[in-house]
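Since the structure comes first, as structure tokens, the remarks are kept for the end.
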Amino acid sequence: MQLTMQGICKAFGANVVLRTVDFHLEGGEICALLGENGAGKSTLMNILGGVLLPDAGTIALDGVEKVFHDPTQSLSAGIAFIHQELNLINDLPIYENMFIGRELKKPGGFLDHAEMIRRTRDVFDRMGLSIDPRAMVRDLDASYKQIVEISRALLMNASLIIMDEPTTSLTDPEIQRVFAMLRTLKAQGVGIVFISHKLREVMEICDRYTVLRDGVMVAEGRVAEITVSGLARHMVGHEVKSDTMGHNGTRGEERLRVTDLTREPFYRHVNLTAYAGEVLGITGLLGDGRSELMSTVFGAEGDYTGEICVGGKPVRMKSTGQAVALGIGYVPRNRKENGIVKDMSILENGSIVTWPRLVRRGLIDRRMQTAEFDRQKRALSIKLERINDLITSLSGGNQQKVVLAKWLSAGPKVLVLDNPTQGVDVGAKEEIYDIIRKLADEDVAVIVLSSEAQEIIRVCDRALVMYHGAVCDEVSGERMTEHEMMRLATGG
Amino acid sequence: MEHTQPKQSPLQWVKQSWKTQPLFSTAVALLVMVVLQTLALGFSYANFGEWFAAWGKNWINILRNNAGVGIIALGMTFVIISGGIDLAVGSTMVGIGAVIMVLIDGNANGLLTRIGITGAPAFLIAIAAGILVGVLLGEASGALIAHSGLPPFIATLGMMKIARSVTQQFMQGVQPAVPKDFLGIANTRIGGEIVLPILYWLLLAGVLYVVSKHTAFGRQVFAVGSSERTSKLSGVNVKKIKRRVYVLMGGLVAVASVIQIARIGSMDYANAGSGYEMDAIAAVIIGGTSMSGGRGSVLGTVLGMLILAVMNNLLNLIGVPPFLREAFKGVIVVAAVLLQKKDSAN
């Protein structure tokens, strides 16, 4: 199938999101749709998926003009939209998920399980997958869930699949599994739109790219003819740095020491020390236990063995409040679930940690609260209209900065950042790295958890590599390379 | 920022506010009710003064009759915003009431009368004990919910059954006499009218409004209800906040209990307070508080309670039979939530 979108315009009120954008895709082709958050990617794909109507412009499939008023129309035209948050029901088996809402029935209204299983198996066979259709979705790892969603699209005869950041929650082997499936689809003539921030993956899997910036298509071409930094430049509109920022910190006093820390089945016998003025990285693959390790140090899990020393004094970490009182800050992963309070304003999200400290005569002092947040807003250059707007009105990068702001106002001695640039665009990423380095310069002991080797190399002075719940080595200086860290993280 | 307000026609203003101000539609609904109620009350009076007196008396009646549930609904607002629910309030009100009744018992063999404590000191002891029991019952529910992870619906359903049943068992054949002075707590006339329960309600509403908006506890209740995980990872003691919400609820139930006893001079352990939990929940919901927590307001609950009360009065005035009135309540709760759903979808 051939898709041609021409002159697409879309505005929400006074906010123009797309300005006469063209986009085209051939069958059997994987096209990357790139751009920072807010560039208009989602809007463009939502128009294609029938979620939004364009203000102007046309969509044509194989030369025939189409108008999609709702997602079912676009789906029946063969376009499937696979969202970042997967649309599967954990407590049902795969085959029932495949047919949800369109269940096959026998005369009399009973479900035709056998036929649903057979057809599911057919799709899997076509893709060369050996998955039992009767397995529960709950028991699948993230990549297989992704694969089930894609298979469901195929079952509905999709010939064009839109994938919105499909690899965000996947480990490297899982990503490869999904990529293998995408290649099979491609060989069978399915066209794929691949939305991602991970440029290396784009280089690996995509044939062509289209870059949007501020609602305008700024570049397109063949992936073979461009480099990662070329793509990044198109996205942000200027050069992106990839060299290391670290190694200039002077190590100060010991701030946090963890000895023989164990919490089965997540991690065991972990030792680490974080010093003032230094950025310590912890890296590894998904499931290496680093997030669980640091959330224990932050007091979010009580049942551990081993010793945690803060500022040289051993403490028994029982609650997050205790950790805050001891001067530990924690920017968690998965901002949406763990980082923000979605029903609250930017201001309140940016001060939730310090509410108790802002109380004067029983009430939160609004003047102090606003003054402190304004200070952080300037320091972190948070872009916002009104501090009383909901936090969800901000872009991912700015939300993350607000999460940072709430911790910075607490003046932490140790700051743990888990996956700090998740869902953040390239420009904001750099800003967050700058903030991290600046914190270290201001004598905070910073600990950055990340599975992106690039990120670790960019901001950290040294890094621990974890593998299956154990720290396998420490790297710094010359040894801190992508290759070496990958070798250690995969147990090599 | 270029946010110059364009000139709006009143109609546009209404449309805009309807969309952006969560309480606007609630306030409009109340206004409509009040207008209808005023019409239903009629104008067959000699002069404006007489009409106004009748209108005012009717209002005082409405407010006074709903002060108890109104106070309970205030606490329910916090409970629901925190992501919980409390079904036990009607029953704990009776349990607390029994404790108060036993302590103020004016009979010669009354618990305190026997040792020579009567009058104001006995009342103070009784009210303090009532509040203490309310707080303890709240703490029990709260601890179950916060520490053993029991769903609030289940924990408070258990409490609901236990509190009323135990109270009825213990109060079998016990008939405490409520001293006449105790009735003064609710029935002392101010300007010739019995308005004290209304004043208690409004006072508590004012205090709790400030608590919900301007104290660390109040804001943490919202945060916990909206995202428990984020709250915990921001150093908020989620379990403590959950417990305290039910403790606050318990304290307010005790106040409602005192008012109930002082108003009517007795307590029917089998029936008093039954249905209060649902009326309170209805008021909270009509007031725009989200059942899933994180969003809502004390002011909304007061408006919600007024809508229910005025509607009841209106139905009474136009002669709808009592049995049917509950149906209207049901309709209005469903309609309110439907309206809010549409609002948030926009």
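The way I read the labels, and the way they are meant: chains A, B, ... in the order of the structure tokens, residue 1 as the first residue of every chain, and ligand 1 as the first ligand shown, with later ones counted on from there.
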| field | Residues of chain A within 6 Å of chain B, counting only C-alpha atoms, as number ranges by chain | value | A: 320-321, 324, 338-339, 341, 353, 355-356, 363-364
Nearby residues (only C-alpha atoms) at most 7 Å from region 302-317 of chain A, same-chain spacing under 4 positions excluded, as a PDB file with C-alpha atoms, in the first residue's frame:
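In the end it all went to part24.pdb:
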```pdb
ATOM      1  CA  GLU A 254      31.907  10.384  51.540  1.00  0.00           C
ATOM      2  CA  ARG A 255      28.132  10.953  51.440  1.00  0.00           C
ATOM      3  CA  LEU A 256      26.642   7.511  51.013  1.00  0.00           C
ATOM      4  CA  ARG A 257      28.083   4.068  51.578  1.00  0.00           C
ATOM      5  CA  VAL A 258      26.271   0.825  50.959  1.00  0.00           C
ATOM      6  CA  THR A 259      27.797  -2.390  52.249  1.00  0.00           C
ATOM      7  CA  ASP A 260      26.736  -5.898  51.360  1.00  0.00           C
ATOM      8  CA  LEU A 261      23.212  -4.761  50.549  1.00  0.00           C
ATOM      9  CA  THR A 262      20.903  -7.610  49.565  1.00  0.00           C
ATOM     10  CA  ARG A 263      17.235  -7.802  48.722  1.00  0.00           C
ATOM     11  CA  THR A 296      15.852   0.694  48.819  1.00  0.00           C
ATOM     12  CA  VAL A 297      18.508   3.282  49.625  1.00  0.00           C
ATOM     13  CA  GLN A 322      13.446   9.384  56.622  1.00  0.00           C
ATOM     14  CA  ALA A 323      15.570   9.453  53.470  1.00  0.00           C
TER      15      ALA A 323
END
```
| field | Contacts of region 267-284 of chain B at 6 Å (only C-alpha atoms; same-chain gap of 6+ positions) as a PyMOL selection string | value | chain B and resi 73+77+87+89-90+94+168+301+304-305
Print the selection's residues with N, CA, C and O atoms to a file, as a PDB file, in the first residue's frame.
```pdb
ATOM      1  N   ALA B  73     -20.325  14.782  55.528  1.00  0.00           N
ATOM      2  CA  ALA B  73     -19.903  14.896  54.128  1.00  0.00           C
ATOM      3  C   ALA B  73     -18.580  15.646  53.999  1.00  0.00           C
ATOM      4  O   ALA B  73     -17.788  15.365  53.099  1.00  0.00           O
ATOM      5  N   THR B  77     -15.403  14.074  52.123  1.00  0.00           N
ATOM      6  CA  THR B  77     -14.664  14.710  51.030  1.00  0.00           C
ATOM      7  C   THR B  77     -13.180  14.354  51.111  1.00  0.00           C
ATOM      8  O   THR B  77     -12.565  13.964  50.131  1.00  0.00           O
ATOM      9  N   LEU B  87     -17.863   3.719  54.586  1.00  0.00           N
ATOM     10  CA  LEU B  87     -19.261   3.307  54.674  1.00  0.00           C
ATOM     11  C   LEU B  87     -19.747   3.255  56.109  1.00  0.00           C
ATOM     12  O   LEU B  87     -20.933   3.082  56.365  1.00  0.00           O
ATOM     13  N   VAL B  89     -19.787   5.499  58.563  1.00  0.00           N
ATOM     14  CA  VAL B  89     -20.116   6.711  59.313  1.00  0.00           C
ATOM     15  C   VAL B  89     -21.468   6.658  60.030  1.00  0.00           C
ATOM     16  O   VAL B  89     -21.575   7.088  61.181  1.00  0.00           O
ATOM     17  N   GLY B  90     -22.481   6.125  59.377  1.00  0.00           N
ATOM     18  CA  GLY B  90     -23.791   6.056  60.015  1.00  0.00           C
ATOM     19  C   GLY B  90     -23.764   5.206  61.264  1.00  0.00           C
ATOM     20  O   GLY B  90     -24.367   5.546  62.291  1.00  0.00           O
ATOM     21  N   VAL B  94     -23.784   6.105  65.654  1.00  0.00           N
ATOM     22  CA  VAL B  94     -24.609   5.494  66.684  1.00  0.00           C
ATOM     23  C   VAL B  94     -23.747   4.983  67.837  1.00  0.00           C
ATOM     24  O   VAL B  94     -24.077   5.156  69.011  1.00  0.00           O
ATOM     25  N   GLN B 168     -25.960  -1.930  69.468  1.00  0.00           N
ATOM     26  CA  GLN B 168     -27.317  -2.391  69.779  1.00  0.00           C
ATOM     27  C   GLN B 168     -27.301  -3.426  70.889  1.00  0.00           C
ATOM     28  O   GLN B 168     -28.137  -3.414  71.785  1.00  0.00           O
ATOM     29  N   THR B 301     -18.558  20.116  48.086  1.00  0.00           N
ATOM     30  CA  THR B 301     -19.370  19.256  48.930  1.00  0.00           C
ATOM     31  C   THR B 301     -20.491  20.037  49.608  1.00  0.00           C
ATOM     32  O   THR B 301     -21.620  19.559  49.702  1.00  0.00           O
ATOM     33  N   GLY B 304     -22.997  20.569  47.041  1.00  0.00           N
ATOM     34  CA  GLY B 304     -23.653  19.289  46.775  1.00  0.00           C
ATOM     35  C   GLY B 304     -24.692  18.971  47.828  1.00  0.00           C
ATOM     36  O   GLY B 304     -25.814  18.530  47.533  1.00  0.00           O
ATOM     37  N   MET B 305     -24.307  19.200  49.088  1.00  0.00           N
ATOM     38  CA  MET B 305     -25.230  18.948  50.195  1.00  0.00           C
ATOM     39  C   MET B 305     -26.450  19.863  50.064  1.00  0.00           C
ATOM     40  O   MET B 305     -27.594  19.438  50.273  1.00  0.00           O
TER      41      MET B 305
END
```
| Leaving out region 481-486 of chain A and any residue of its chain fewer than 3 positions from it, which residues lie within 12 Å of it when counting only C-alpha atoms, given as a PyMOL selection string? | chain A and resi 172+243-244+281-285+450-458+460+462-467+471-478+489-492
| said: Env of Gly330 (chain B): 12 Å cut, atoms = only C-alpha atoms, seq-sep filter 2 positions within chain, self excluded. Answer as a PyMOL selection string. | reply: chain B and resi 278-279+281-283+285-286+308+311-312+324-328+332-337
| field | Residue neighbourhood Ala27 (chain B), 12 Å, only C-alpha atoms, exclusion window fewer than 6 positions, as a list in words | value |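 Contacts, with the query itself left out: Val14, Ser17, Trp18, Gln21, Met33, Val34, Ile286, Gly287, Gly288, Leu299, Gly300, Thr301, Val302, Leu303, Gly304, Met305, Leu306, Ile307 and Ala336 of chain B.
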| task | Might you pull out every residue within 12 Å of Thr184 (chain A), with only C-alpha atoms counted and same-chain residues fewer than 2 positions away left off, and present them as number ranges by chain? | result | A: 28-30, 124-129, 147, 150-151, 177-182, 186-192, 205
Keeping only C-alpha atoms, write those residues as a PDB file, in the first residue's frame.
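To be explicit, this is the file written out as out10.pdb:
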```pdb
ATOM      1  CA  GLY A  28       7.533  -2.764   2.478  1.00  0.00           C
ATOM      2  CA  GLU A  29       9.263   0.267   3.879  1.00  0.00           C
ATOM      3  CA  ILE A  30      10.085   1.381   7.414  1.00  0.00           C
ATOM      4  CA  PHE A 124       2.257 -16.380  14.381  1.00  0.00           C
ATOM      5  CA  ASP A 125       3.267 -19.013  11.836  1.00  0.00           C
ATOM      6  CA  ARG A 126       3.300 -16.433   9.098  1.00  0.00           C
ATOM      7  CA  MET A 127       5.687 -14.373  11.205  1.00  0.00           C
ATOM      8  CA  GLY A 128       7.782 -17.395  12.079  1.00  0.00           C
ATOM      9  CA  LEU A 129       6.996 -17.009  15.774  1.00  0.00           C
ATOM     10  CA  ILE A 147       4.635  -8.647  19.169  1.00  0.00           C
ATOM     11  CA  ILE A 150       1.551  -6.187  16.042  1.00  0.00           C
ATOM     12  CA  SER A 151       0.087  -9.613  15.311  1.00  0.00           C
ATOM     13  CA  ARG A 177      13.194  -9.669  18.802  1.00  0.00           C
ATOM     14  CA  VAL A 178      10.771  -6.897  17.844  1.00  0.00           C
ATOM     15  CA  PHE A 179      13.103  -5.721  15.080  1.00  0.00           C
ATOM     16  CA  ALA A 180      13.241  -9.228  13.640  1.00  0.00           C
ATOM     17  CA  MET A 181       9.471  -9.166  13.421  1.00  0.00           C
ATOM     18  CA  LEU A 182       9.490  -5.726  11.782  1.00  0.00           C
ATOM     19  CA  LYS A 186       8.672  -5.409   5.739  1.00  0.00           C
ATOM     20  CA  ALA A 187       9.528  -8.399   3.577  1.00  0.00           C
ATOM     21  CA  GLN A 188       5.817  -9.132   3.351  1.00  0.00           C
ATOM     22  CA  GLY A 189       5.086  -5.657   2.032  1.00  0.00           C
ATOM     23  CA  VAL A 190       3.751  -3.970   5.177  1.00  0.00           C
ATOM     24  CA  GLY A 191       4.627  -0.304   5.565  1.00  0.00           C
ATOM     25  CA  ILE A 192       5.735   0.830   9.015  1.00  0.00           C
ATOM     26  CA  ILE A 205      15.918  -0.642  11.394  1.00  0.00           C
TER      27      ILE A 205
END
```
| message | To one decimal place in Å, what is the distance between CA of Leu41 (chain B) and CA of Arg263 (chain B)? | response | 25.5 Å
| request: Among the residues of region 236-293 of chain A, find those DSSP assigns to strand (DSSP E or B) from the backbone and print them as a ChimeraX atom specification. | output: /A:254-263,267-275,279-283
Next, the residues of the selection above should be written as a PDB file, in the first residue's frame with N, CA and C atoms.
```pdb
ATOM      1  N   GLU A 254      32.820  11.490  51.799  1.00  0.00           N
ATOM      2  CA  GLU A 254      31.907  10.384  51.540  1.00  0.00           C
ATOM      3  C   GLU A 254      30.496  10.773  51.982  1.00  0.00           C
ATOM      4  N   ARG A 255      29.506  10.577  51.109  1.00  0.00           N
ATOM      5  CA  ARG A 255      28.132  10.953  51.440  1.00  0.00           C
ATOM      6  C   ARG A 255      27.250   9.737  51.675  1.00  0.00           C
ATOM      7  N   LEU A 256      27.500   8.694  50.895  1.00  0.00           N
ATOM      8  CA  LEU A 256      26.642   7.511  51.013  1.00  0.00           C
ATOM      9  C   LEU A 256      27.500   6.277  50.832  1.00  0.00           C
ATOM     10  N   ARG A 257      27.363   5.321  51.761  1.00  0.00           N
ATOM     11  CA  ARG A 257      28.083   4.068  51.578  1.00  0.00           C
ATOM     12  C   ARG A 257      27.124   2.911  51.806  1.00  0.00           C
ATOM     13  N   VAL A 258      27.137   1.979  50.888  1.00  0.00           N
ATOM     14  CA  VAL A 258      26.271   0.825  50.959  1.00  0.00           C
ATOM     15  C   VAL A 258      27.172  -0.401  51.051  1.00  0.00           C
ATOM     16  N   THR A 259      26.932  -1.228  52.069  1.00  0.00           N
ATOM     17  CA  THR A 259      27.797  -2.390  52.249  1.00  0.00           C
ATOM     18  C   THR A 259      26.979  -3.670  52.259  1.00  0.00           C
ATOM     19  N   ASP A 260      27.318  -4.554  51.378  1.00  0.00           N
ATOM     20  CA  ASP A 260      26.736  -5.898  51.360  1.00  0.00           C
ATOM     21  C   ASP A 260      25.208  -5.864  51.307  1.00  0.00           C
ATOM     22  N   LEU A 261      24.656  -4.915  50.583  1.00  0.00           N
ATOM     23  CA  LEU A 261      23.212  -4.761  50.549  1.00  0.00           C
ATOM     24  C   LEU A 261      22.574  -5.860  49.696  1.00  0.00           C
ATOM     25  N   THR A 262      21.554  -6.496  50.256  1.00  0.00           N
ATOM     26  CA  THR A 262      20.903  -7.610  49.565  1.00  0.00           C
ATOM     27  C   THR A 262      19.401  -7.503  49.718  1.00  0.00           C
ATOM     28  N   ARG A 263      18.678  -7.655  48.641  1.00  0.00           N
ATOM     29  CA  ARG A 263      17.235  -7.802  48.722  1.00  0.00           C
ATOM     30  C   ARG A 263      16.839  -8.763  47.616  1.00  0.00           C
ATOM     31  N   TYR A 267      18.652  -7.952  44.032  1.00  0.00           N
ATOM     32  CA  TYR A 267      20.101  -7.690  43.998  1.00  0.00           C
ATOM     33  C   TYR A 267      20.733  -8.262  45.251  1.00  0.00           C
ATOM     34  N   ARG A 268      22.042  -8.484  45.189  1.00  0.00           N
ATOM     35  CA  ARG A 268      22.702  -9.077  46.343  1.00  0.00           C
ATOM     36  C   ARG A 268      24.142  -8.596  46.505  1.00  0.00           C
ATOM     37  N   HIS A 269      24.554  -8.501  47.774  1.00  0.00           N
ATOM     38  CA  HIS A 269      25.933  -8.158  48.145  1.00  0.00           C
ATOM     39  C   HIS A 269      26.473  -6.950  47.388  1.00  0.00           C
ATOM     40  N   VAL A 270      25.685  -5.901  47.346  1.00  0.00           N
ATOM     41  CA  VAL A 270      26.126  -4.720  46.612  1.00  0.00           C
ATOM     42  C   VAL A 270      26.911  -3.790  47.548  1.00  0.00           C
ATOM     43  N   ASN A 271      28.068  -3.340  47.086  1.00  0.00           N
ATOM     44  CA  ASN A 271      28.848  -2.330  47.787  1.00  0.00           C
ATOM     45  C   ASN A 271      28.984  -1.127  46.871  1.00  0.00           C
ATOM     46  N   LEU A 272      28.757   0.051  47.416  1.00  0.00           N
ATOM     47  CA  LEU A 272      29.064   1.240  46.620  1.00  0.00           C
ATOM     48  C   LEU A 272      29.244   2.436  47.538  1.00  0.00           C
ATOM     49  N   THR A 273      30.007   3.409  47.063  1.00  0.00           N
ATOM     50  CA  THR A 273      30.231   4.636  47.817  1.00  0.00           C
ATOM     51  C   THR A 273      30.041   5.811  46.877  1.00  0.00           C
ATOM     52  N   ALA A 274      29.302   6.800  47.348  1.00  0.00           N
ATOM     53  CA  ALA A 274      29.124   8.008  46.542  1.00  0.00           C
ATOM     54  C   ALA A 274      29.738   9.170  47.297  1.00  0.00           C
ATOM     55  N   TYR A 275      30.476  10.011  46.564  1.00  0.00           N
ATOM     56  CA  TYR A 275      31.189  11.114  47.186  1.00  0.00           C
ATOM     57  C   TYR A 275      30.610  12.452  46.732  1.00  0.00           C
ATOM     58  N   VAL A 279      29.762  12.562  40.033  1.00  0.00           N
ATOM     59  CA  VAL A 279      28.604  11.900  39.446  1.00  0.00           C
ATOM     60  C   VAL A 279      28.957  10.428  39.266  1.00  0.00           C
ATOM     61  N   LEU A 280      28.219   9.582  40.002  1.00  0.00           N
ATOM     62  CA  LEU A 280      28.447   8.140  39.920  1.00  0.00           C
ATOM     63  C   LEU A 280      27.357   7.543  39.036  1.00  0.00           C
ATOM     64  N   GLY A 281      27.752   6.747  38.076  1.00  0.00           N
ATOM     65  CA  GLY A 281      26.759   6.098  37.221  1.00  0.00           C
ATOM     66  C   GLY A 281      26.540   4.661  37.650  1.00  0.00           C
ATOM     67  N   ILE A 282      25.322   4.175  37.491  1.00  0.00           N
ATOM     68  CA  ILE A 282      25.072   2.741  37.642  1.00  0.00           C
ATOM     69  C   ILE A 282      24.341   2.311  36.379  1.00  0.00           C
ATOM     70  N   THR A 283      24.898   1.360  35.680  1.00  0.00           N
ATOM     71  CA  THR A 283      24.294   0.959  34.422  1.00  0.00           C
ATOM     72  C   THR A 283      24.178  -0.556  34.336  1.00  0.00           C
TER      73      THR A 283
END
```
| message | Based on the backbone DSSP call, show me all residues of region 75-161 of chain B assigned alpha helix (DSSP H), as a ChimeraX atom specification. | response | /B:75-81,89-104,111-114,119-147,152-161
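If you look at CA of Val133 (chain B) and CA of Ile96 (chain B), they are 6.2 Å away from each other.
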| field | Pick from B:Tyr200, B:Leu338, B:Asn107, B:Gly95, whichever lies nearest to Gln175 (chain B) using only C-alpha atoms | value | B:Asn107
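One finds CA of Val221 (chain B) at 6.7 Å from CA of Ile81 (chain B).
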